[in-house]
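To be precise, the following lines are target02.cif, and they hold mmCIF, C-alpha atoms.
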```
data_structure
loop_
_atom_site.label_atom_id
_atom_site.label_comp_id
_atom_site.auth_asym_id
_atom_site.auth_seq_id
_atom_site.Cartn_x
_atom_site.Cartn_y
_atom_site.Cartn_z
CA MET S 1 11.40 -31.61 13.57
CA ALA S 2 9.00 -28.71 13.40
CA SER S 3 10.58 -25.27 13.45
CA THR S 4 9.25 -21.94 14.69
CA LEU S 5 9.23 -18.96 12.37
CA LYS S 6 9.74 -15.63 14.09
CA LEU S 7 7.55 -12.83 12.79
CA PRO S 8 7.07 -9.18 13.73
CA ALA S 9 4.97 -8.57 16.81
CA ASN S 10 2.33 -6.75 14.79
CA CYS S 11 1.34 -9.88 12.89
CA VAL S 12 -1.06 -12.58 13.93
CA VAL S 13 -0.08 -16.01 12.67
CA VAL S 14 -2.57 -18.75 12.12
CA GLN S 15 -1.13 -22.17 11.33
CA LYS S 16 -2.23 -24.20 8.35
CA GLN S 17 -5.56 -25.88 8.94
CA ARG S 18 -6.31 -29.44 8.02
CA ARG S 19 -7.91 -29.96 4.65
CA ALA S 20 -11.36 -28.41 4.83
CA VAL S 21 -14.35 -30.71 5.23
CA LEU S 22 -17.21 -28.52 4.14
CA ALA S 23 -20.93 -28.89 4.07
CA ARG S 24 -22.57 -30.21 0.94
CA ALA S 25 -22.66 -27.91 -2.07
CA GLY S 26 -25.81 -25.99 -2.73
CA THR S 27 -26.39 -24.62 0.76
CA SER S 28 -25.38 -21.29 2.23
CA ARG S 29 -25.67 -22.51 5.81
CA LEU S 30 -22.84 -24.02 7.78
CA ASP S 31 -22.85 -27.73 8.61
CA THR S 32 -21.58 -27.57 12.17
CA THR S 33 -20.38 -31.17 11.99
CA GLY S 34 -18.03 -30.37 9.13
CA PHE S 35 -15.23 -27.87 8.72
CA ASN S 36 -13.52 -26.42 11.79
CA TRP S 37 -11.58 -23.32 10.86
CA LYS S 38 -9.57 -23.47 14.08
CA GLN S 39 -8.32 -27.02 13.48
CA ARG S 40 -4.53 -27.29 13.72
CA VAL S 41 -2.01 -29.51 11.98
CA SER S 42 -0.17 -31.72 14.43
CA SER S 43 1.88 -33.80 12.01
CA SER S 44 5.21 -32.41 10.81
CA SER S 45 4.71 -34.20 7.50
CA SER S 46 1.85 -31.92 6.55
CA SER S 47 2.51 -29.02 4.20
CA SER S 48 2.87 -25.65 5.90
CA ALA S 49 1.17 -22.35 5.22
CA MET S 50 0.50 -19.24 7.24
CA ASN S 51 -2.03 -16.49 7.40
CA MET S 52 -0.79 -13.11 8.60
CA ILE S 53 -3.03 -10.24 9.57
CA PRO S 54 -0.94 -7.06 9.65
CA LYS S 55 -1.92 -4.16 11.84
CA MET S 56 -0.93 -1.06 9.91
CA SER S 57 -0.06 2.28 11.46
CA ILE S 58 2.35 4.33 9.39
CA SER S 59 2.58 8.01 8.58
CA ALA S 60 1.65 9.70 5.32
CA ILE S 61 4.44 10.53 2.87
CA PRO S 62 3.27 13.19 0.39
CA ASN S 63 4.96 13.80 -2.95
CA GLN S 64 6.74 17.05 -3.85
CA SER S 65 3.59 18.63 -5.30
CA LEU S 66 2.01 18.64 -1.84
CA GLU S 67 5.07 19.45 0.23
CA LYS S 68 4.25 23.15 0.28
CA SER S 69 0.92 22.36 1.96
CA LEU S 70 2.65 20.66 4.87
CA HIS S 71 2.97 22.47 8.15
CA LYS S 72 3.88 20.69 11.35
CA ASN S 73 2.82 17.32 9.90
CA LYS S 74 -0.60 18.68 8.94
CA ILE S 75 -1.62 18.06 5.32
CA ASP S 76 -3.87 20.73 3.86
CA ILE S 77 -6.55 18.29 2.69
CA PRO S 78 -9.86 18.98 4.44
CA ILE S 79 -12.16 15.96 4.34
CA MET S 80 -15.85 15.57 5.08
CA VAL S 81 -16.70 12.10 6.40
CA ASN S 82 -20.36 11.33 5.82
CA SER S 83 -22.14 8.88 8.11
CA CYS S 84 -19.56 9.78 10.75
CA SER S 85 -21.64 8.24 13.54
CA GLY S 86 -21.10 4.74 12.15
CA LYS S 87 -18.18 2.47 13.01
CA MET S 88 -16.59 2.87 9.57
CA GLY S 89 -16.96 6.65 9.68
CA LYS S 90 -15.32 6.83 13.08
CA ALA S 91 -12.45 4.57 11.95
CA ILE S 92 -11.83 6.85 8.94
CA ILE S 93 -11.78 9.97 11.12
CA GLN S 94 -9.25 8.34 13.44
CA ALA S 95 -7.09 7.35 10.45
CA ALA S 96 -7.38 10.88 9.05
CA ASP S 97 -6.22 12.36 12.36
CA SER S 98 -3.24 9.98 12.43
CA ALA S 99 -2.31 10.94 8.86
CA GLY S 100 -2.54 14.66 9.60
CA LEU S 101 -5.59 15.42 7.48
CA SER S 102 -8.16 18.00 8.60
CA VAL S 103 -11.67 16.72 9.31
CA VAL S 104 -14.31 19.40 8.73
CA PRO S 105 -16.90 19.72 11.54
CA ALA S 106 -19.85 18.65 9.40
CA SER S 107 -21.31 15.38 8.16
CA PHE S 108 -24.45 14.10 6.46
CA GLY S 109 -26.75 11.70 8.28
CA SER S 110 -30.37 10.67 8.59
CA SER S 111 -33.29 12.93 9.51
CA GLU S 112 -33.28 11.39 12.98
CA GLU S 113 -29.61 12.30 13.46
CA SER S 114 -29.94 15.87 12.16
CA GLY S 115 -28.67 18.42 14.68
CA GLN S 116 -26.72 15.90 16.73
CA ILE S 117 -23.03 16.44 17.49
CA VAL S 118 -20.74 13.42 17.22
CA GLN S 119 -17.45 13.40 19.12
CA VAL S 120 -14.61 11.41 17.52
CA GLY S 121 -11.30 12.05 19.21
CA ALA S 122 -10.82 15.80 19.32
CA ASN S 123 -13.34 16.32 16.50
CA GLU S 124 -16.84 17.62 17.18
CA ILE S 125 -18.96 17.05 14.10
CA LEU S 126 -22.45 18.44 13.48
CA ILE S 127 -24.74 16.10 11.55
CA HIS S 128 -26.93 17.62 8.82
CA GLY S 129 -30.10 15.93 7.63
CA PRO S 130 -31.17 15.28 4.01
CA SER S 131 -32.95 18.63 3.55
CA GLU S 132 -29.75 20.56 4.34
CA ARG S 133 -27.34 18.64 2.16
CA GLU S 134 -26.90 20.77 -0.95
CA GLY S 135 -26.65 24.11 0.84
CA THR S 136 -24.32 22.72 3.47
CA LEU S 137 -22.00 21.12 0.91
CA ALA S 138 -21.83 24.28 -1.21
CA SER S 139 -20.96 26.37 1.86
CA LEU S 140 -18.28 23.91 2.93
CA LEU S 141 -16.69 23.90 -0.53
CA GLU S 142 -16.59 27.70 -0.48
CA LYS S 143 -14.91 27.65 2.94
CA TYR S 144 -12.61 24.71 2.13
CA PRO S 145 -11.70 24.92 -1.60
CA ASN S 146 -9.62 21.71 -1.40
CA LEU S 147 -12.46 19.74 0.21
CA ILE S 148 -12.78 16.00 -0.48
CA VAL S 149 -15.83 14.05 0.65
CA VAL S 150 -15.56 10.49 1.98
CA ASP S 151 -18.72 8.43 1.54
CA PHE S 152 -19.37 5.23 3.51
CA THR S 153 -23.12 5.49 3.88
CA VAL S 154 -25.76 2.97 2.74
CA PRO S 155 -26.34 1.30 -0.66
CA SER S 156 -29.67 3.04 -1.17
CA ALA S 157 -27.96 6.45 -0.98
CA VAL S 158 -25.12 5.75 -3.43
CA ASN S 159 -26.59 7.35 -6.54
CA ASP S 160 -28.25 10.32 -4.87
CA ASN S 161 -25.08 11.13 -2.94
CA ALA S 162 -22.86 10.89 -6.03
CA GLU S 163 -25.23 13.11 -7.99
CA LEU S 164 -25.09 15.71 -5.21
CA TYR S 165 -21.28 15.68 -5.05
CA CYS S 166 -21.08 16.03 -8.83
CA LYS S 167 -23.70 18.80 -8.93
CA VAL S 168 -21.83 20.85 -6.33
CA GLY S 169 -18.49 19.94 -7.91
CA VAL S 170 -16.68 18.40 -4.94
CA PRO S 171 -14.23 15.48 -5.41
CA PHE S 172 -15.13 12.38 -3.43
CA VAL S 173 -13.97 8.93 -2.33
CA MET S 174 -16.78 6.39 -2.18
CA GLY S 175 -16.44 3.00 -0.50
CA THR S 176 -20.17 2.35 -0.23
CA THR S 177 -21.37 -0.75 -2.08
CA GLY S 178 -24.62 -1.22 -3.98
CA GLY S 179 -26.68 1.20 -5.98
CA ASP S 180 -26.80 1.38 -9.77
CA ARG S 181 -23.08 1.19 -10.55
CA ASP S 182 -23.40 1.98 -14.27
CA ARG S 183 -25.43 5.07 -13.45
CA LEU S 184 -22.88 5.97 -10.76
CA TYR S 185 -19.93 5.87 -13.14
CA LYS S 186 -21.83 7.76 -15.85
CA THR S 187 -22.73 10.50 -13.35
CA VAL S 188 -19.06 11.03 -12.51
CA GLU S 189 -17.86 10.84 -16.10
CA ASP S 190 -20.49 13.34 -17.31
CA SER S 191 -19.71 15.79 -14.50
CA GLN S 192 -15.91 15.58 -14.83
CA VAL S 193 -15.62 15.59 -11.02
CA TYR S 194 -12.62 13.75 -9.60
CA ALA S 195 -13.53 10.58 -7.71
CA VAL S 196 -12.18 7.30 -6.37
CA ILE S 197 -14.91 4.67 -6.28
CA SER S 198 -14.24 1.19 -4.93
CA PRO S 199 -16.39 -1.21 -2.91
CA GLN S 200 -13.18 -2.63 -1.41
CA MET S 201 -10.78 -0.16 0.19
CA GLY S 202 -8.39 -2.63 1.82
CA LYS S 203 -5.18 -2.16 -0.17
CA GLN S 204 -3.78 -5.61 0.47
CA VAL S 205 -7.09 -7.30 -0.33
CA VAL S 206 -7.32 -5.32 -3.58
CA ALA S 207 -3.77 -6.39 -4.47
CA PHE S 208 -4.76 -10.02 -3.88
CA LEU S 209 -7.82 -9.59 -6.10
CA ALA S 210 -5.69 -7.99 -8.81
CA ALA S 211 -3.28 -10.95 -8.70
CA MET S 212 -6.22 -13.35 -9.00
CA GLU S 213 -7.53 -11.45 -12.03
CA ILE S 214 -4.12 -11.57 -13.70
CA MET S 215 -3.91 -15.33 -13.11
CA ALA S 216 -7.42 -15.84 -14.48
CA GLU S 217 -6.64 -13.78 -17.57
CA GLN S 218 -3.31 -15.42 -18.34
CA PHE S 219 -4.16 -19.02 -17.41
CA PRO S 220 -7.83 -19.61 -18.30
CA GLY S 221 -8.95 -23.14 -17.57
CA ALA S 222 -5.91 -23.94 -15.41
CA PHE S 223 -8.16 -25.43 -12.71
CA SER S 224 -10.68 -27.15 -15.00
CA GLY S 225 -12.29 -30.08 -13.24
CA TYR S 226 -11.39 -28.85 -9.76
CA SER S 227 -14.09 -28.42 -7.15
CA LEU S 228 -14.33 -25.24 -5.08
CA GLN S 229 -15.63 -24.77 -1.55
CA VAL S 230 -15.99 -21.30 -0.07
CA MET S 231 -16.72 -20.09 3.44
CA GLU S 232 -16.86 -16.49 4.57
CA SER S 233 -17.52 -15.08 8.03
CA HIS S 234 -18.65 -11.52 8.71
CA GLN S 235 -20.38 -9.69 11.54
CA ALA S 236 -24.00 -10.74 12.01
CA SER S 237 -25.28 -7.44 10.59
CA LYS S 238 -23.93 -8.31 7.13
CA VAL S 239 -26.66 -10.41 5.56
CA ASP S 240 -25.41 -10.62 1.97
CA THR S 241 -22.48 -12.48 0.44
CA SER S 242 -19.22 -10.52 0.44
CA GLY S 243 -18.45 -8.68 -2.78
CA THR S 244 -14.81 -9.67 -2.34
CA ALA S 245 -15.79 -13.35 -2.20
CA LYS S 246 -17.86 -12.92 -5.35
CA ALA S 247 -14.90 -11.33 -7.15
CA VAL S 248 -12.53 -14.14 -6.14
CA ILE S 249 -15.07 -16.79 -7.17
CA SER S 250 -15.45 -15.07 -10.54
CA CYS S 251 -11.70 -15.48 -11.07
CA PHE S 252 -11.87 -19.17 -10.18
CA GLN S 253 -14.72 -19.59 -12.65
CA LYS S 254 -12.52 -18.10 -15.37
CA LEU S 255 -9.84 -20.58 -14.32
CA GLY S 256 -12.24 -23.40 -15.19
CA VAL S 257 -13.95 -24.10 -11.87
CA SER S 258 -17.69 -24.71 -11.90
CA PHE S 259 -19.27 -22.97 -8.92
CA ASP S 260 -22.59 -21.33 -8.13
CA MET S 261 -22.67 -18.28 -5.86
CA GLU S 262 -25.45 -19.91 -3.86
CA GLN S 263 -22.91 -22.50 -2.69
CA VAL S 264 -20.99 -19.95 -0.61
CA GLN S 265 -21.32 -20.83 3.06
CA LEU S 266 -22.10 -17.74 5.11
CA ILE S 267 -21.16 -17.83 8.78
CA ARG S 268 -23.03 -15.19 10.73
CA ASP S 269 -23.65 -16.91 14.07
CA PRO S 270 -21.31 -15.41 16.71
CA GLN S 271 -20.95 -18.70 18.58
CA GLN S 272 -19.80 -20.51 15.43
CA GLN S 273 -17.48 -17.63 14.63
CA LEU S 274 -15.86 -17.96 18.05
CA GLU S 275 -15.65 -21.73 18.27
CA MET S 276 -15.16 -22.82 14.67
CA VAL S 277 -13.72 -19.88 12.79
CA GLY S 278 -11.53 -18.47 15.56
CA VAL S 279 -12.66 -14.87 15.32
CA PRO S 280 -11.41 -12.94 18.38
CA GLU S 281 -14.37 -12.04 20.56
CA GLU S 282 -13.57 -8.31 20.39
CA HIS S 283 -13.90 -8.45 16.59
CA LEU S 284 -17.21 -10.30 16.30
CA SER S 285 -18.85 -6.98 15.44
CA GLY S 286 -16.36 -6.21 12.67
CA HIS S 287 -14.37 -8.83 10.76
CA ALA S 288 -13.99 -10.53 7.36
CA PHE S 289 -12.63 -14.10 7.29
CA HIS S 290 -12.58 -15.81 3.89
CA MET S 291 -11.44 -19.31 2.90
CA TYR S 292 -11.34 -20.85 -0.59
CA HIS S 293 -10.51 -24.56 -0.94
CA LEU S 294 -9.82 -26.23 -4.31
CA SER S 295 -9.62 -29.99 -4.83
CA SER S 296 -8.58 -31.96 -7.91
CA PRO S 297 -11.08 -34.44 -9.39
CA ASP S 298 -9.34 -37.41 -7.72
CA GLU S 299 -8.78 -35.39 -4.51
CA THR S 300 -5.01 -35.96 -4.56
CA VAL S 301 -4.23 -32.25 -4.99
CA SER S 302 -5.64 -29.32 -3.06
CA PHE S 303 -5.08 -25.58 -2.81
CA GLU S 304 -6.22 -23.15 -0.14
CA PHE S 305 -6.47 -19.38 -0.17
CA GLN S 306 -7.37 -17.55 3.02
CA HIS S 307 -7.48 -13.92 4.08
CA ASN S 308 -8.65 -12.74 7.49
CA VAL S 309 -9.34 -9.16 8.52
CA CYS S 310 -10.13 -8.07 12.07
CA GLY S 311 -11.60 -4.63 12.61
CA ARG S 312 -11.87 -1.78 10.10
CA SER S 313 -8.42 -0.20 10.16
CA ILE S 314 -7.35 -1.79 6.86
CA TYR S 315 -10.29 -0.12 5.09
CA ALA S 316 -9.80 3.19 6.88
CA GLU S 317 -6.09 3.31 5.98
CA GLY S 318 -6.88 2.51 2.35
CA THR S 319 -9.50 5.24 2.30
CA ILE S 320 -7.02 7.84 3.54
CA ASP S 321 -4.51 6.71 0.90
CA SER S 322 -7.28 7.23 -1.67
CA VAL S 323 -7.96 10.74 -0.35
CA ILE S 324 -4.29 11.71 -0.61
CA PHE S 325 -4.08 10.11 -4.08
CA LEU S 326 -7.15 12.04 -5.24
CA ALA S 327 -5.83 15.32 -3.83
CA LYS S 328 -2.70 14.86 -5.94
CA LYS S 329 -4.78 14.25 -9.07
CA VAL S 330 -6.87 17.36 -8.43
CA HIS S 331 -3.74 19.41 -7.72
CA SER S 332 -2.03 18.25 -10.94
CA LYS S 333 -5.22 18.73 -12.98
CA ALA S 334 -4.97 15.14 -14.22
CA GLU S 335 -6.90 14.39 -17.40
CA LYS S 336 -8.45 11.23 -15.99
CA ARG S 337 -11.16 11.90 -13.41
CA LEU S 338 -12.60 8.53 -12.33
CA TYR S 339 -10.33 6.13 -10.40
CA ASN S 340 -10.50 2.95 -8.35
CA MET S 341 -8.26 1.28 -5.77
CA ILE S 342 -6.17 -0.41 -8.47
CA ASP S 343 -5.19 3.09 -9.64
CA VAL S 344 -4.27 4.00 -6.05
CA LEU S 345 -2.12 0.87 -5.75
CA ARG S 346 -0.38 1.51 -9.06
CA GLU S 347 0.58 5.02 -7.96
CA GLY S 348 2.92 3.36 -5.47
CA ASN S 349 3.20 6.25 -2.97
CA MET S 350 1.12 4.63 -0.27
CA ARG S 351 1.78 4.99 3.43
#
```

Encoded form (structure tokens):
Amino acid sequence: MASTLKLPANCVVVQKQRRAVLARAGTSRLDTTGFNWKQRVSSSSSSSAMNMIPKMSISAIPNQSLEKSLHKNKIDIPIMVNSCSGKMGKAIIQAADSAGLSVVPASFGSSEESGQIVQVGANEILIHGPSEREGTLASLLEKYPNLIVVDFTVPSAVNDNAELYCKVGVPFVMGTTGGDRDRLYKTVEDSQVYAVISPQMGKQVVAFLAAMEIMAEQFPGAFSGYSLQVMESHQASKVDTSGTAKAVISCFQKLGVSFDMEQVQLIRDPQQQLEMVGVPEEHLSGHAFHMYHLSSPDETVSFEFQHNVCGRSIYAEGTIDSVIFLAKKVHSKAEKRLYNMIDVLREGNMR
């Protein structure tokens, strides 16, 4: 007899799907006659698995070195959120308010946005265009000596932005993907500015990736001969393959699986996302649903890995944890200057 597992109200539970029937390898488009992400298992003899999507909302817990900066739950860490008019920028500002951080009333944006005021909660933020960036940042750092910049802008701005932050000497957290990553890291290392740089800010997703990397390192070839099928669904505005999916696939390749990145099936059509993937309608404009299905050569053994994210709160919360982590490193004058989300996770004092 099937049993019901009781879980906290802040979790969404998705029952184990039937074994995936995916479109033929070699195409990045979905075969709508194949896999149905929403399919349910009706037989009690089937193996069980669950996918939980936690909704996190917990308060910041600073360490002793920052306790003196606390006053009425306000942490003395002023942050500048660039591209604050975007959905990610707004989510970060909301998370910062919840954590008690101070959001400075200035942000960088495009020439078209220059002079506009963006309202996010109780924050009124003036957007400065490209020509004002260096002078504005220098003035802000003089006014807010503990300033940390948060950068979720566009890939084409990654290197120029990092070079500006390093030139002015302001610590920063960068979650923007793309750009010349080698040049980015060298810029930070040469400047000795403190920074957290990670294209994936979701703490739980990063932990999953770290576990995959450990497995790949310790058990190379463990899945030799297995076939891999990958589907990922994101909002229609995301045209490229997820960096997270690429990282997971890389681990499977080290485990002995032969797979070409072109075989990833990208689902970007909202109707398919609703009907086949099961993305809630309110999250069509912001979600990340990933599924990885492994099959043995004779198809008698299969494994499935799935992680679903609705909205942007998981990334915003991870970003704020990174800000608090970086503030501690600056305060303690840590020798190491360049960090990533693995470093943040290893610190252990997350909210």

Please determine, counting all atoms listed in the file, which residue among S:Val330, S:Val257, S:Val206, S:Val277 has the shortest atom-to-atom distance to Pro297 (chain S).
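Of S:Val330, S:Val257, S:Val206, S:Val277, the one nearest Pro297 (chain S), counting all atoms listed in the file, is S:Val257.
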
Around the point (-12.7, 22.3, 11.8) (coordinates from the file), which residues reach within 9 Å if we count all atoms listed in the file? Answer as number ranges by chain.
S: 78, 102-106, 123-125

Name all residues at most 6 Å from region 222-236 of chain S (count all atoms listed in the file; drop same-chain ones fewer than 5 positions away) and give them as a ChimeraX atom specification.
/S:255-257,264-268,284-297

Find the residues around Tyr144 (chain S) up to 9 Å (only C-alpha atoms counted), leave out those fewer than 2 positions away in its own chain, and share them as number ranges by chain.
S: 77-78, 104, 139-142, 146-147

Selection in question (the file shown): the PyMOL selection byres ((chain S and resi 192) around 12). Which residues does it include, as a list in words?
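Selected by the PyMOL selection byres ((chain S and resi 192) around 12) here: Glu163, Tyr165, Cys166, Lys167, Val168, Gly169, Val170, Pro171, Phe172, Tyr185, Lys186, Thr187, Val188, Glu189, Asp190, Ser191, Val193, Tyr194, Ala195, Val330, Lys333, Ala334, Glu335, Lys336, Arg337, Leu338 and Tyr339 of chain S.
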
For CA of Pro220 (chain S) and CA of Cys251 (chain S), the interatomic separation in Å (one decimal)
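Separation of CA of Pro220 (chain S) and CA of Cys251 (chain S): 9.2 Å.
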
In terms of the shortest atom-to-atom distance over all atoms listed in the file, which of S:Lys90, S:Arg312, S:His128, S:Lys329 is closest to Gln200 (chain S)?
S:Arg312

Can you work out which one of S:Val154, S:Ala138, S:Ala122, S:Ala247 has the shortest atom-to-atom distance to Met212 (chain S), counting only C-alpha atoms?
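Comparing S:Val154, S:Ala138, S:Ala122, S:Ala247 against Met212 (chain S), the winner is S:Ala247.
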
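CA of Gly179 (chain S) is positioned 20.8 Å from CA of Ser131 (chain S).
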
Could you tell me which residues the PyMOL selection byres ((chain S and resi 117) around 12) returns for this structure, as JSON, numbers by chain?
{"S": [84, 85, 105, 106, 107, 108, 109, 113, 114, 115, 116, 118, 119, 120, 123, 124, 125, 126, 127, 128]}

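CA of Ile249 (chain S) lies 23.5 Å from CA of Gly311 (chain S).
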
Excluding same-chain residues fewer than 6 positions from Gly89 (chain S), what lies within 9 Å of it counting only C-alpha atoms, as a list in words?
Val81, Asn82, Ser83, Val150, Asp151, Phe152, Thr153 and Ala316 of chain S

Compile the contact shell of region 208-211 of chain S as a list in words: residues with an atom at most 8 Å away, counting all atoms listed in the file, same-chain residues fewer than 3 positions apart removed.
Gln204, Val205, Ile214, Met215, Thr244, Ala247, Val248 and Ile342 of chain S

Excluding Arg346 (chain S) and residues on its chain fewer than 2 positions from it, collect all residues at most 12 Å away from it, counting only C-alpha atoms, and give them as a list in words.
Lys203, Val206, Ala207, Ala210, Asp321, Ser322, Phe325, Tyr339, Asn340, Met341, Ile342, Asp343, Val344, Gly348, Asn349 and Met350 of chain S

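Ranking S:Asn161, S:Ile79, S:Lys87, S:Gly243 by their shortest atom-to-atom distance to Leu101 (chain S), with all atoms listed in the file included, puts S:Ile79 first.
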